[in-house]
Every structure is written in C-alpha cells, then in structure tokens.
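Source file: target.cif. Holds: mmCIF, N, CA, C and O atoms.
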data_model
loop_
_atom_site.label_atom_id
_atom_site.label_comp_id
_atom_site.auth_asym_id
_atom_site.auth_seq_id
_atom_site.Cartn_x
_atom_site.Cartn_y
_atom_site.Cartn_z
N MET G 15 -129.38 287.69 56.74
CA MET G 15 -129.68 286.55 55.90
C MET G 15 -129.68 285.28 56.75
O MET G 15 -128.73 285.02 57.49
N CYS G 16 -130.73 284.50 56.65
CA CYS G 16 -130.87 283.26 57.41
C CYS G 16 -130.30 282.11 56.59
O CYS G 16 -130.66 281.93 55.42
N VAL G 17 -129.42 281.34 57.19
CA VAL G 17 -128.81 280.20 56.52
C VAL G 17 -129.50 278.93 57.00
O VAL G 17 -129.63 278.71 58.20
N THR G 18 -129.94 278.12 56.07
CA THR G 18 -130.61 276.87 56.42
C THR G 18 -129.58 275.82 56.85
O THR G 18 -128.39 275.92 56.51
N PRO G 19 -130.02 274.77 57.55
CA PRO G 19 -129.09 273.69 57.90
C PRO G 19 -128.44 273.06 56.66
O PRO G 19 -127.26 272.69 56.71
N SER G 20 -129.17 272.96 55.58
CA SER G 20 -128.60 272.39 54.35
C SER G 20 -127.50 273.28 53.79
O SER G 20 -126.46 272.80 53.33
N GLU G 21 -127.73 274.59 53.84
CA GLU G 21 -126.71 275.53 53.38
C GLU G 21 -125.50 275.49 54.31
O GLU G 21 -124.36 275.57 53.85
N GLU G 22 -125.74 275.34 55.61
CA GLU G 22 -124.63 275.21 56.56
C GLU G 22 -123.79 273.99 56.24
O GLU G 22 -122.55 274.05 56.30
N THR G 23 -124.44 272.88 55.89
CA THR G 23 -123.71 271.66 55.53
C THR G 23 -122.87 271.91 54.28
O THR G 23 -121.68 271.54 54.23
N ALA G 24 -123.45 272.55 53.28
CA ALA G 24 -122.71 272.83 52.04
C ALA G 24 -121.52 273.75 52.31
O ALA G 24 -120.43 273.54 51.76
N ILE G 25 -121.70 274.74 53.17
CA ILE G 25 -120.61 275.65 53.50
C ILE G 25 -119.52 274.91 54.27
O ILE G 25 -118.33 275.14 54.05
N ALA G 26 -119.92 273.98 55.14
CA ALA G 26 -118.93 273.16 55.85
C ALA G 26 -118.14 272.30 54.87
O ALA G 26 -116.92 272.13 55.02
N ILE G 27 -118.82 271.76 53.88
CA ILE G 27 -118.12 270.96 52.85
C ILE G 27 -117.12 271.84 52.11
O ILE G 27 -115.97 271.44 51.89
N LEU G 28 -117.54 273.03 51.75
CA LEU G 28 -116.65 273.95 51.05
C LEU G 28 -115.44 274.31 51.91
O LEU G 28 -114.31 274.33 51.42
N GLY G 29 -115.66 274.53 53.19
CA GLY G 29 -114.55 274.80 54.11
C GLY G 29 -113.60 273.63 54.20
O GLY G 29 -112.37 273.80 54.23
N TRP G 30 -114.14 272.42 54.23
CA TRP G 30 -113.31 271.22 54.28
C TRP G 30 -112.51 271.08 52.99
O TRP G 30 -111.32 270.76 53.03
N LEU G 31 -113.17 271.33 51.86
CA LEU G 31 -112.47 271.25 50.57
C LEU G 31 -111.30 272.23 50.51
O LEU G 31 -110.28 271.94 49.89
N ALA G 32 -111.46 273.38 51.15
CA ALA G 32 -110.39 274.38 51.15
C ALA G 32 -109.11 273.84 51.78
O ALA G 32 -108.02 274.31 51.46
N ASN G 33 -109.26 272.84 52.65
CA ASN G 33 -108.10 272.23 53.30
C ASN G 33 -107.64 270.95 52.61
O ASN G 33 -106.79 270.24 53.13
N GLU G 34 -108.25 270.65 51.47
CA GLU G 34 -107.91 269.47 50.68
C GLU G 34 -107.55 269.94 49.27
O GLU G 34 -108.37 269.90 48.36
N PRO G 35 -106.31 270.41 49.07
CA PRO G 35 -105.94 271.05 47.80
C PRO G 35 -106.24 270.22 46.55
O PRO G 35 -106.70 270.77 45.55
N GLU G 36 -106.01 268.94 46.59
CA GLU G 36 -106.25 268.11 45.40
C GLU G 36 -107.74 268.06 45.07
O GLU G 36 -108.14 268.23 43.92
N LEU G 37 -108.57 267.86 46.09
CA LEU G 37 -110.01 267.82 45.87
C LEU G 37 -110.55 269.19 45.48
O LEU G 37 -111.41 269.30 44.60
N LEU G 38 -110.04 270.23 46.12
CA LEU G 38 -110.48 271.58 45.77
C LEU G 38 -110.15 271.90 44.32
O LEU G 38 -110.97 272.45 43.59
N GLY G 39 -108.96 271.52 43.90
CA GLY G 39 -108.56 271.75 42.51
C GLY G 39 -109.48 271.03 41.53
O GLY G 39 -109.88 271.59 40.51
N ARG G 40 -109.84 269.81 41.87
CA ARG G 40 -110.75 269.04 41.01
C ARG G 40 -112.12 269.70 40.99
O ARG G 40 -112.74 269.85 39.94
N PHE G 41 -112.61 270.11 42.16
CA PHE G 41 -113.91 270.78 42.24
C PHE G 41 -113.91 272.06 41.41
O PHE G 41 -114.83 272.31 40.64
N LEU G 42 -112.87 272.86 41.57
CA LEU G 42 -112.80 274.12 40.81
C LEU G 42 -112.76 273.85 39.31
O LEU G 42 -113.40 274.56 38.53
N ALA G 43 -112.02 272.83 38.91
CA ALA G 43 -111.93 272.50 37.49
C ALA G 43 -113.29 272.05 36.95
O ALA G 43 -113.68 272.44 35.84
N LEU G 44 -114.00 271.26 37.72
CA LEU G 44 -115.30 270.76 37.27
C LEU G 44 -116.35 271.87 37.20
O LEU G 44 -117.23 271.84 36.35
N THR G 45 -116.26 272.82 38.11
CA THR G 45 -117.27 273.88 38.17
C THR G 45 -116.89 275.11 37.35
O THR G 45 -117.74 275.96 37.09
N GLY G 46 -115.62 275.21 36.98
CA GLY G 46 -115.18 276.39 36.25
C GLY G 46 -115.07 277.62 37.13
O GLY G 46 -115.03 278.74 36.64
N THR G 47 -115.03 277.40 38.43
CA THR G 47 -114.92 278.49 39.40
C THR G 47 -113.46 278.70 39.75
O THR G 47 -112.70 277.75 39.82
N ASP G 48 -113.07 279.95 39.97
CA ASP G 48 -111.70 280.19 40.41
C ASP G 48 -111.72 280.52 41.91
O ASP G 48 -112.74 280.94 42.44
N PRO G 49 -110.60 280.31 42.58
CA PRO G 49 -110.56 280.51 44.03
C PRO G 49 -111.02 281.90 44.48
O PRO G 49 -111.64 282.03 45.53
N SER G 50 -110.74 282.92 43.69
CA SER G 50 -111.09 284.27 44.10
C SER G 50 -112.60 284.52 44.10
O SER G 50 -113.07 285.47 44.73
N SER G 51 -113.36 283.69 43.41
CA SER G 51 -114.80 283.91 43.35
C SER G 51 -115.60 282.95 44.23
O SER G 51 -116.83 282.98 44.22
N LEU G 52 -114.91 282.13 45.02
CA LEU G 52 -115.62 281.16 45.86
C LEU G 52 -116.55 281.81 46.87
O LEU G 52 -117.68 281.36 47.07
N ARG G 53 -116.08 282.85 47.53
CA ARG G 53 -116.91 283.50 48.55
C ARG G 53 -118.21 284.03 47.93
O ARG G 53 -119.29 283.85 48.48
N HIS G 54 -118.11 284.67 46.78
CA HIS G 54 -119.29 285.18 46.09
C HIS G 54 -120.19 284.02 45.63
O HIS G 54 -121.41 284.08 45.78
N ALA G 55 -119.59 282.98 45.09
CA ALA G 55 -120.35 281.83 44.59
C ALA G 55 -121.09 281.12 45.71
O ALA G 55 -122.19 280.60 45.50
N ALA G 56 -120.52 281.12 46.90
CA ALA G 56 -121.14 280.42 48.04
C ALA G 56 -122.47 281.03 48.44
O ALA G 56 -123.25 280.40 49.16
N ALA G 57 -122.77 282.21 47.98
CA ALA G 57 -124.06 282.84 48.28
C ALA G 57 -125.16 282.34 47.34
O ALA G 57 -126.34 282.63 47.55
N ASP G 58 -124.80 281.58 46.33
CA ASP G 58 -125.75 281.07 45.35
C ASP G 58 -126.20 279.66 45.73
O ASP G 58 -125.38 278.75 45.79
N PRO G 59 -127.50 279.46 45.98
CA PRO G 59 -127.99 278.13 46.35
C PRO G 59 -127.67 277.06 45.30
O PRO G 59 -127.40 275.91 45.66
N GLY G 60 -127.65 277.43 44.03
CA GLY G 60 -127.30 276.47 42.99
C GLY G 60 -125.85 276.01 43.11
O GLY G 60 -125.54 274.84 42.90
N PHE G 61 -124.97 276.94 43.45
CA PHE G 61 -123.57 276.59 43.65
C PHE G 61 -123.43 275.66 44.86
O PHE G 61 -122.70 274.68 44.81
N LEU G 62 -124.14 275.98 45.94
CA LEU G 62 -124.09 275.14 47.14
C LEU G 62 -124.60 273.74 46.84
O LEU G 62 -124.05 272.75 47.34
N ALA G 63 -125.62 273.63 46.00
CA ALA G 63 -126.11 272.31 45.59
C ALA G 63 -125.00 271.55 44.87
O ALA G 63 -124.82 270.35 45.07
N GLY G 64 -124.24 272.26 44.04
CA GLY G 64 -123.12 271.64 43.33
C GLY G 64 -122.02 271.18 44.26
O GLY G 64 -121.39 270.14 44.02
N VAL G 65 -121.79 271.92 45.34
CA VAL G 65 -120.79 271.53 46.33
C VAL G 65 -121.18 270.20 46.96
O VAL G 65 -120.37 269.27 47.06
N VAL G 66 -122.43 270.10 47.36
CA VAL G 66 -122.91 268.86 47.98
C VAL G 66 -122.92 267.73 46.96
O VAL G 66 -122.52 266.59 47.27
N ASP G 67 -123.33 268.02 45.75
CA ASP G 67 -123.35 267.01 44.69
C ASP G 67 -121.95 266.47 44.43
O ASP G 67 -121.77 265.26 44.23
N PHE G 68 -120.96 267.34 44.43
CA PHE G 68 -119.57 266.92 44.23
C PHE G 68 -119.17 265.91 45.30
O PHE G 68 -118.60 264.87 45.00
N LEU G 69 -119.51 266.18 46.54
CA LEU G 69 -119.16 265.27 47.64
C LEU G 69 -119.93 263.96 47.52
O LEU G 69 -119.36 262.89 47.74
N MET G 70 -121.19 264.05 47.16
CA MET G 70 -122.02 262.85 47.05
C MET G 70 -121.59 261.96 45.90
O MET G 70 -121.90 260.77 45.88
N GLY G 71 -120.88 262.50 44.95
CA GLY G 71 -120.46 261.74 43.78
C GLY G 71 -119.33 260.76 44.02
O GLY G 71 -118.99 259.98 43.13
N HIS G 72 -118.75 260.77 45.22
CA HIS G 72 -117.62 259.88 45.51
C HIS G 72 -117.69 259.47 46.98
O HIS G 72 -117.33 260.25 47.87
N GLU G 73 -118.17 258.26 47.21
CA GLU G 73 -118.42 257.81 48.59
C GLU G 73 -117.19 257.91 49.50
O GLU G 73 -117.33 258.37 50.65
N PRO G 74 -115.98 257.53 49.06
CA PRO G 74 -114.83 257.68 49.97
C PRO G 74 -114.60 259.14 50.39
O PRO G 74 -114.21 259.40 51.53
N THR G 75 -114.84 260.07 49.49
CA THR G 75 -114.68 261.48 49.82
C THR G 75 -115.77 261.91 50.80
O THR G 75 -115.50 262.63 51.77
N LEU G 76 -116.99 261.47 50.55
CA LEU G 76 -118.10 261.74 51.48
C LEU G 76 -117.76 261.24 52.88
O LEU G 76 -117.90 261.96 53.87
N LEU G 77 -117.29 260.00 52.97
CA LEU G 77 -116.99 259.42 54.28
C LEU G 77 -115.81 260.11 54.95
O LEU G 77 -115.79 260.27 56.18
N ALA G 78 -114.83 260.54 54.16
CA ALA G 78 -113.69 261.28 54.73
C ALA G 78 -114.17 262.60 55.32
O ALA G 78 -113.77 262.97 56.44
N PHE G 79 -115.02 263.32 54.60
CA PHE G 79 -115.58 264.57 55.12
C PHE G 79 -116.34 264.31 56.42
O PHE G 79 -116.15 265.03 57.41
N CYS G 80 -117.17 263.30 56.42
CA CYS G 80 -117.98 263.00 57.60
C CYS G 80 -117.10 262.64 58.80
O CYS G 80 -117.37 263.09 59.92
N GLU G 81 -116.06 261.88 58.56
CA GLU G 81 -115.17 261.48 59.65
C GLU G 81 -114.45 262.69 60.24
O GLU G 81 -114.39 262.87 61.45
N VAL G 82 -113.90 263.53 59.39
CA VAL G 82 -113.13 264.69 59.85
C VAL G 82 -114.01 265.71 60.56
O VAL G 82 -113.61 266.30 61.56
N THR G 83 -115.21 265.91 60.06
CA THR G 83 -116.07 266.96 60.60
C THR G 83 -117.09 266.48 61.62
O THR G 83 -117.77 267.30 62.24
N GLY G 84 -117.23 265.17 61.77
CA GLY G 84 -118.24 264.65 62.69
C GLY G 84 -119.66 264.79 62.16
O GLY G 84 -120.62 264.77 62.92
N THR G 85 -119.78 264.93 60.85
CA THR G 85 -121.09 265.06 60.21
C THR G 85 -121.61 263.67 59.85
O THR G 85 -120.87 262.83 59.37
N ARG G 86 -122.88 263.45 60.10
CA ARG G 86 -123.48 262.18 59.73
C ARG G 86 -123.74 262.16 58.23
O ARG G 86 -124.20 263.17 57.66
N PRO G 87 -123.45 261.03 57.55
CA PRO G 87 -123.70 260.95 56.11
C PRO G 87 -125.15 261.29 55.75
O PRO G 87 -125.40 261.93 54.73
N GLU G 88 -126.08 260.88 56.58
CA GLU G 88 -127.49 261.17 56.28
C GLU G 88 -127.79 262.67 56.30
O GLU G 88 -128.70 263.15 55.63
N ASP G 89 -126.99 263.45 57.06
CA ASP G 89 -127.16 264.90 57.03
C ASP G 89 -126.72 265.47 55.69
O ASP G 89 -127.31 266.43 55.19
N VAL G 90 -125.68 264.88 55.11
CA VAL G 90 -125.23 265.31 53.78
C VAL G 90 -126.28 264.93 52.73
O VAL G 90 -126.60 265.72 51.85
N VAL G 91 -126.83 263.73 52.86
CA VAL G 91 -127.87 263.29 51.94
C VAL G 91 -129.08 264.23 52.04
O VAL G 91 -129.64 264.64 51.01
N ARG G 92 -129.46 264.61 53.24
CA ARG G 92 -130.58 265.51 53.44
C ARG G 92 -130.29 266.88 52.81
O ARG G 92 -131.14 267.46 52.14
N ALA G 93 -129.07 267.37 53.00
CA ALA G 93 -128.69 268.65 52.40
C ALA G 93 -128.76 268.56 50.88
O ALA G 93 -129.23 269.49 50.22
N HIS G 94 -128.30 267.46 50.34
CA HIS G 94 -128.35 267.28 48.88
C HIS G 94 -129.79 267.31 48.39
O HIS G 94 -130.11 267.98 47.40
N LEU G 95 -130.67 266.60 49.07
CA LEU G 95 -132.07 266.56 48.68
C LEU G 95 -132.70 267.95 48.77
O LEU G 95 -133.42 268.38 47.86
N MET G 96 -132.41 268.67 49.84
CA MET G 96 -133.00 270.00 50.04
C MET G 96 -132.47 271.01 49.01
O MET G 96 -133.23 271.84 48.52
N LEU G 97 -131.17 270.95 48.71
CA LEU G 97 -130.58 271.93 47.81
C LEU G 97 -130.79 271.60 46.33
O LEU G 97 -130.93 272.50 45.50
N SER G 98 -130.78 270.31 46.00
CA SER G 98 -130.90 269.90 44.60
C SER G 98 -132.31 269.55 44.22
O SER G 98 -132.64 269.53 43.03
N GLY G 99 -133.13 269.22 45.19
CA GLY G 99 -134.51 268.87 44.92
C GLY G 99 -134.68 267.38 44.66
O GLY G 99 -133.73 266.69 44.28
N PRO G 100 -135.89 266.89 44.85
CA PRO G 100 -136.14 265.45 44.70
C PRO G 100 -136.02 264.96 43.25
O PRO G 100 -135.85 263.77 43.03
N ASP G 101 -136.10 265.86 42.30
CA ASP G 101 -136.01 265.45 40.89
C ASP G 101 -134.57 265.35 40.41
O ASP G 101 -134.33 265.02 39.25
N ASN G 102 -133.60 265.67 41.27
CA ASN G 102 -132.19 265.61 40.90
C ASN G 102 -131.47 264.71 41.90
O ASN G 102 -130.81 265.20 42.80
N PRO G 103 -131.56 263.38 41.73
CA PRO G 103 -130.94 262.48 42.70
C PRO G 103 -129.42 262.43 42.60
O PRO G 103 -128.77 261.82 43.41
N GLY G 104 -128.83 263.08 41.64
CA GLY G 104 -127.38 263.06 41.49
C GLY G 104 -126.92 261.87 40.66
O GLY G 104 -127.71 261.07 40.17
N ASP G 105 -125.63 261.74 40.55
CA ASP G 105 -125.03 260.70 39.73
C ASP G 105 -124.26 259.74 40.63
O ASP G 105 -123.09 259.51 40.46
N PHE G 106 -124.96 259.21 41.63
CA PHE G 106 -124.29 258.30 42.56
C PHE G 106 -125.15 257.09 42.82
O PHE G 106 -126.28 257.03 42.47
#

Could I get this structure in the form of structure tokens?
Amino acid sequence: MCVTPSEETAIAILGWLANEPELLGRFLALTGTDPSSLRHAAADPGFLAGVVDFLMGHEPTLLAFCEVTGTRPEDVVRAHLMLSGPDNPGDF
C-alpha cells in the first residue's frame, strides 16, 4: 500500500496526539473512536482527514505540533486540502 505525503502528515499528527493525553482524549471523544480501534481507523482516508481537521481547528495546537515535529504549517494545510477536498475548508 502506497501512502501519500498527506496521509503521512495525518499519521504523524496521530502519532503526536498519542503523546498528548489531554488532546488525544478530546480527539477520541469528538470522533467517538476508542484507543483500541485507532490503528484500524488510521487506514481510512476519511478518518485521516478528521485527524488533520482536528489539528487545523485550533491554531495553538497546530503550531505546537509543527514546532515539536519540525513540520511546516503549510504542509498541514496542504494535507488538509488533499484529504478533505477543496469543498471542505474546515471550521477555522
């Protein structure tokens, strides 16, 4: 299975969230996903779009992720556009 750069970004966000218990708990509550099903859910492009959308919904969280991981914010924006599509600009 070939993973796109946008999917790689979403997976990196998910990995970062795993080390941020408070944010991960909020994400899980918002998505209705439980920790045991994260690995399976990560194979779904729609779920990955939701991961990126969650990060994009709060600029301080976006910037914290970018700082810790060395990811450029515009790469996250690009991943959001690719995974969610141009008709879903998000709620930010």

Query raised in the report: atom N of Val82 (chain G) and CA of His54 (chain G), how far apart in Å?
Result: 26.0 Å

Requested in this report: Could you expand the PyMOL selection byres (((chain G and resi 93 and name CA) around 8) and name CA) into the explicit residues it covers here, written as a list of chain:residue names?
Outcome: G:Pro19, G:Ser20, G:Glu21, G:Thr23, G:Ala24, G:Val66, G:Asp89, G:Val90, G:Val91, G:Arg92, G:His94, G:Leu95, G:Met96, G:Leu97

Report task. Name the residues of chain G that fall into helix (DSSP H, G or I) according to DSSP on the backbone, using the chain letters and numbers of this document, as a ChimeraX atom specification. Result -> /G:19-32,35-45,49-55,59-70,73-83,87-98

**Report entry** Residue with smallest distance to Phe79 (chain G) - pool G:Ala63, G:Ala26, G:Ala56, G:Cys16, counting all atoms listed in the file
**Finding:** G:Ala26

Could I see region 42-53 of chain G restored to all heavy atoms, set down as a tab-separated table (two decimals), keeping the file's coordinate frame?
chain	number	residue	atom	x	y	z
G	42	LEU	N	-112.87	272.86	41.57
G	42	LEU	CA	-112.80	274.12	40.81
G	42	LEU	C	-112.76	273.85	39.31
G	42	LEU	O	-113.40	274.56	38.53
G	42	LEU	CB	-111.58	274.93	41.25
G	42	LEU	CG	-111.62	275.47	42.68
G	42	LEU	CD1	-110.30	276.13	43.05
G	42	LEU	CD2	-112.79	276.41	42.88
G	43	ALA	N	-112.02	272.83	38.91
G	43	ALA	CA	-111.93	272.50	37.49
G	43	ALA	C	-113.29	272.05	36.95
G	43	ALA	O	-113.68	272.44	35.84
G	43	ALA	CB	-110.88	271.41	37.27
G	44	LEU	N	-114.00	271.26	37.72
G	44	LEU	CA	-115.30	270.76	37.27
G	44	LEU	C	-116.35	271.87	37.20
G	44	LEU	O	-117.23	271.84	36.35
G	44	LEU	CB	-115.80	269.64	38.19
G	44	LEU	CG	-115.06	268.32	38.08
G	44	LEU	CD1	-115.50	267.37	39.20
G	44	LEU	CD2	-115.32	267.68	36.73
G	45	THR	N	-116.26	272.82	38.11
G	45	THR	CA	-117.27	273.88	38.17
G	45	THR	C	-116.89	275.11	37.35
G	45	THR	O	-117.74	275.96	37.09
G	45	THR	CB	-117.53	274.34	39.61
G	45	THR	OG1	-116.32	274.87	40.16
G	45	THR	CG2	-118.05	273.20	40.47
G	46	GLY	N	-115.62	275.21	36.98
G	46	GLY	CA	-115.18	276.39	36.25
G	46	GLY	C	-115.07	277.62	37.13
G	46	GLY	O	-115.03	278.74	36.64
G	47	THR	N	-115.03	277.40	38.43
G	47	THR	CA	-114.92	278.49	39.40
G	47	THR	C	-113.46	278.70	39.75
G	47	THR	O	-112.70	277.75	39.82
G	47	THR	CB	-115.71	278.15	40.68
G	47	THR	OG1	-117.05	277.81	40.32
G	47	THR	CG2	-115.74	279.29	41.66
G	48	ASP	N	-113.07	279.95	39.97
G	48	ASP	CA	-111.70	280.19	40.41
G	48	ASP	C	-111.72	280.52	41.91
G	48	ASP	O	-112.74	280.94	42.44
G	48	ASP	CB	-111.04	281.30	39.60
G	48	ASP	CG	-111.75	282.62	39.73
G	48	ASP	OD1	-111.56	283.29	40.76
G	48	ASP	OD2	-112.50	282.97	38.80
G	49	PRO	N	-110.60	280.31	42.58
G	49	PRO	CA	-110.56	280.51	44.03
G	49	PRO	C	-111.02	281.90	44.48
G	49	PRO	O	-111.64	282.03	45.53
G	49	PRO	CB	-109.09	280.28	44.39
G	49	PRO	CG	-108.56	279.40	43.31
G	49	PRO	CD	-109.32	279.81	42.07
G	50	SER	N	-110.74	282.92	43.69
G	50	SER	CA	-111.09	284.27	44.10
G	50	SER	C	-112.60	284.52	44.10
G	50	SER	O	-113.07	285.47	44.73
G	50	SER	CB	-110.39	285.29	43.22
G	50	SER	OG	-110.84	285.18	41.88
G	51	SER	N	-113.36	283.69	43.41
G	51	SER	CA	-114.80	283.91	43.35
G	51	SER	C	-115.60	282.95	44.23
G	51	SER	O	-116.83	282.98	44.22
G	51	SER	CB	-115.28	283.80	41.90
G	51	SER	OG	-115.07	282.50	41.41
G	52	LEU	N	-114.91	282.13	45.02
G	52	LEU	CA	-115.62	281.16	45.86
G	52	LEU	C	-116.55	281.81	46.87
G	52	LEU	O	-117.68	281.36	47.07
G	52	LEU	CB	-114.62	280.25	46.60
G	52	LEU	CG	-114.05	279.11	45.79
G	52	LEU	CD1	-113.03	278.34	46.62
G	52	LEU	CD2	-115.15	278.18	45.31
G	53	ARG	N	-116.08	282.85	47.53
G	53	ARG	CA	-116.91	283.50	48.55
G	53	ARG	C	-118.21	284.03	47.93
G	53	ARG	O	-119.29	283.85	48.48
G	53	ARG	CB	-116.15	284.63	49.23
G	53	ARG	CG	-116.93	285.30	50.35
G	53	ARG	CD	-116.12	286.37	51.04
G	53	ARG	NE	-114.88	285.87	51.58
G	53	ARG	CZ	-114.72	285.46	52.84
G	53	ARG	NH1	-115.72	285.51	53.66
G	53	ARG	NH2	-113.56	285.02	53.25
